[in-house]
Amino acid sequence: MNVLVINCGSSSIKYQLYRMETEEVLSKGLVERIGSDRSIVHHTVNGREPWVETAEILDHRQGLYQVLALLTDPEKGVLEDAGDVDAVGHRVVHGGENFSSAVVIDQEVLRGIRQNVDLAPLHNPPNLSGIDAARHNLPHATHVAVFDTAFHQTMPDYAYMYPLPRVLYQKHRIRRYGFHGTSHQYVAERAAEFLGRPPEELKIISCHIGNGASCTAIEKGRSVDTTMGMTPLEGLMMGTRCGDIDPAIVPYVMGKEELTLAEVNSMMNKHSGLLGVSGISSDMREISEAAFNGDKYARLSLEMYTYRLRKAIGSYAAVMDGVDVLIFTAGVGENASLVREWTCRNLSYLGLELDQEKNADLPKGPQRISTDRSRVNVLVIPTDEELMIARETRRLVQQEEQG
Amino acid sequence: MSDFQHIVVYGGGTMGQGIAELLSKKGFEVTVIEKTRALANQARHHIELSLNKQLSKWGITQAEKKIILSRIDFTNEDTVLERADLVIETVTEDLQEKKKVFDRCDRFCPMDAILSSNTSTLSLTELAAVTRRPQRVIGLHFLHPITRLDLVEVVRGLKTEEETVRRIRQFLEKLHLTAIEVHESPGFVTTRLIVILINEALYTLMEGVATPEDIDTAMIRGYQFPYGPLEMADRFGLDSVLASMERLFREYGDPKFRPAPLLKKMVWAGQLGVKTGEGFFRYDEDGDRLREDVR
């Protein structure tokens with residue numbers, strides 16, 4: 001079974017083609033600057049030179065047509081015919097309260113995604129364009145939507161409600177949804193597998209820290225709380241996002257600095273976090289290097305970053321009455337040993353003990369970085385959202401075939 | 001994205017700069033045409049200054065600034081019109097000047113291109129008459145400052161086609177701008193109403209009824225105006241206000257549009273408002289009110 005995974009932005013399509021029997025990536029690539037006469041297509045097939053071409057691509061339908069042309073090209077491609085794509089897995093950012101797992105796309109599902117456009121005005125519309133493009137170009141295939149929010153739909157009401165007038169929830173569905181769900185679910189499953197224990201027995205805290213960052217409490221394989229809220233701005237300090245702040249700062253700063261709503265929004269999303277505090281960069285490698293070289297504010301930003309993450313971990317240990325597994329994943333989580341080390345300081349009350357050597361020198365793949373004595377298994381697990389989407393897609397296709 | 005791929009902004013003054021910046025921010029590729037290479041460079045410089053100001057207010061990022069600038073071309077060559085599918089003309093508010101530009105655009109642009117003007121008082125029908133395509137001539141009156149105000153008056157000339165209006169409305173929707181449709185008439189809605197308010201504020205000041213500060217405060221606090229009428233006049237430029245009033249006075253022949261003598265006096269004295277640093281109030285180079293003046 002060949003599954004095409006696609007992730008659409010307003011002017012881009014990222015794609016990855018899997019052969020599911022081996023879970024091998026046959027090809028992957030990216031279409032950029034859709035809507036202009038100088039769109040760029042990057043296309044890679046394992047073991048061959050990457051292919052880049054410029055073309056006029058005015059919408060997502062044309063973009064995907066171009067992708068399929070490359071995938072079936074006798075020289076640059078890997079398939080004989082577009083009919084060889086059996087199913088398409090679509091990443092959809094916001095499923096709201098409509099979706100608590102991946103679903104096969106039909107009219108009803110499309111309506112549901114449209115209903116959540118208000119909650120993700122930048123993301124859901126291009127996701128819908130991607131679905132339209134794929135259904136148009138691959139009418140024979142099964143199309144599956146995998147939502148970033150779905151995994152967190154198991155949160156109890158006392159975790160997802162905000163202490164605001166309840167009418168806001170009823171009128172505008174203002175509540176916490178959480179994001180990175182596909183990644184948290186993937187690494188939690190991988191962790192259970194790695195430890196050879198059923199997920200039902202485990203209390204897991206997973207830290208997905210990359211450009212965006214969120215931390216999730218997973219009990220019996222289900223998300224019970226997560227740090228991101230109605231939008232991906234809540235929670236941890238991130239590369240350029242501020243995460244939790246006193247909400248009263250917003251009107252105060254707007255008054256003092258004469259900012260518009262758009263400016264204050266941009267300030268919190270793009271000029272804050274590591275970048276805002278350090279004044280250097282949003283990139284953890286550059287921050288660590290600067291801190292190492294004695295830059296005061298780089299060090300401060302790093303301390304704040306790990307302090308805030310540690311607070312989240314502590315609160316989730318409290319929420320679940322303990323923790324068996326702590327997972328680090330995504331760009332920073334998988335690569336920044338310093339961040340893992342600083343975050344794990346002062347967690348000895350949980351019986352957590354980091355193996356400094358293992359943490360510092362990490363081979364590829366899932367690894368345990370806690371000591372044998374440690375009561376908490378600290379794991380580094382590379383995330384793979386595309387593979388998770390492909391697996392969910394396969395699962396639903398097989399279910400359909402059987403049902 | 002839109003059926004317009006090659007948009008030309010004809011005229012790189014304040015309005016042209018604002019429109020080019022707005023279009024680029026929304027992902028469109030734009031070409032700005034100015035009379036000379038030097039003026040074209042100046043337009044680019046001013047857009048960069050405007051972006052720097054937004055950067056300092058956290059409104060955009062360094063990367064976004066680069067991308068926005070990279071989508072705008074600046075030139076003094078009319079030949080780019082050959083590829084244009086939409087022209088937005090923003091040259092000085094003078095009928096003869098604008099007629100020349102429309103004639104040139106009509107000769108260079110493909111026949112199916114739409115020609116639009118940012119005029120606030122002139123007749124679209126008159127501009128359309130110099131072209132071979134009056135059905136595809138339309139008014140697009142953006143308000144200043146464009147990056148903060150999302151209103152556009154879409155003005156129909158006598159022969160403007162329904163299809164032209166539809167395409168333009170669709171385009172404005174993509175830009176998340178609010179469009180109001182007006183039929184050609186001097187001053188449309190915005191200018192016609194606001195100059196009356198400004199003029200009456202001037203008479204109120206001349207008659208010694210209240211100080212400039214208090215006149216503005218009355219409208220800001222009492223009627224939730226973002227600026228009072230006098231500061232508004234300073235921001236438009238007192239010469240522009242005078243020109244608009246004189247034009248409306250001529251067109252309607254109604255004394256209610258007769259400019260207040262004080263307005264003329266200040267223009268003669270060269271106190272034109274923000275652009276000269278002094279009008280009814282005083283301003284710094286960025287156009288911010290000077291501290292000692294602020295209530």
# chains A, B, ... in the order shown; residues from 1 in each chain; ligands from 1
$ interface_residues --of "chain B" --to "chain A" --cutoff "12 Å" --atoms "only C-alpha atoms" --output "list in words"
Met1, Ser2, Asp3, Phe4, Gln5, His6, Lys26, Gly27, Phe28, Glu29, Val30, Lys53, Gln54, Leu55, Ser56, Lys57, Trp58, Gly59, Ile60, Thr61, Gln62, Ala63, Glu64, Ile67, Arg71, Thr147, Arg148, Leu149 and Asp288 of chain B
$ residues_around --residues "His45 in chain B" --least-positions-apart "6" --cutoff "10 Å" --atoms "only C-alpha atoms" --output "JSON, numbers by chain"
{"B": [17, 39, 51]}
$ write_last_selection --atoms "C-alpha atoms" --output "mmCIF file, in the first residue's frame"
data_model
loop_
_atom_site.group_PDB
_atom_site.id
_atom_site.type_symbol
_atom_site.label_atom_id
_atom_site.label_comp_id
_atom_site.auth_asym_id
_atom_site.auth_seq_id
_atom_site.Cartn_x
_atom_site.Cartn_y
_atom_site.Cartn_z
ATOM 1 C CA GLN B 17 4.120 53.585 -1.358
ATOM 2 C CA LEU B 39 12.196 59.191 -7.467
ATOM 3 C CA LEU B 51 8.927 48.854 7.436
#
$ closest_residue --among "A:Thr22, A:Asn377, A:Thr54, A:Thr306" --to "Phe194 in chain A" --atoms "only C-alpha atoms"
A:Asn377
$ closest_residue --among "B:Lys98, B:Val91, B:Asp112, B:His141" --to "Ala128 in chain B" --atoms "only C-alpha atoms"
B:Lys98
$ residues_around --residues "Leu230 in chain B" --least-positions-apart "2" --cutoff "10 Å" --atoms "only C-alpha atoms" --output "VMD selection string"
chain B and resid 197 to 199 201 to 202 205 212 to 213 215 to 216 227 to 228 232 to 236 238 273 279 to 281
$ residues_around --residues "Leu347 in chain A" --least-positions-apart "6" --cutoff "9 Å" --atoms "only C-alpha atoms" --output "ChimeraX atom specification"
/A:310,313-314,353
$ atom_distance --atom1 "CA of His184 in chain A" --atom2 "CA of Leu138 in chain A"
30.0 Å
$ select_by_dssp --residues "range 181-236 of chain B" --states "helix (DSSP H, G or I)" --output "ChimeraX atom specification"
/B:190-206,212-223,229-236
$ closest_residue --among "B:Gly277, B:Leu248, B:Thr191, B:Leu242" --to "Ala260 in chain B" --atoms "only C-alpha atoms"
B:Leu242
$ residues_around --residues "His176 in chain B" --least-positions-apart "6" --cutoff "10 Å" --atoms "only C-alpha atoms" --output "PyMOL selection string"
chain B and resi 26+150-151+170
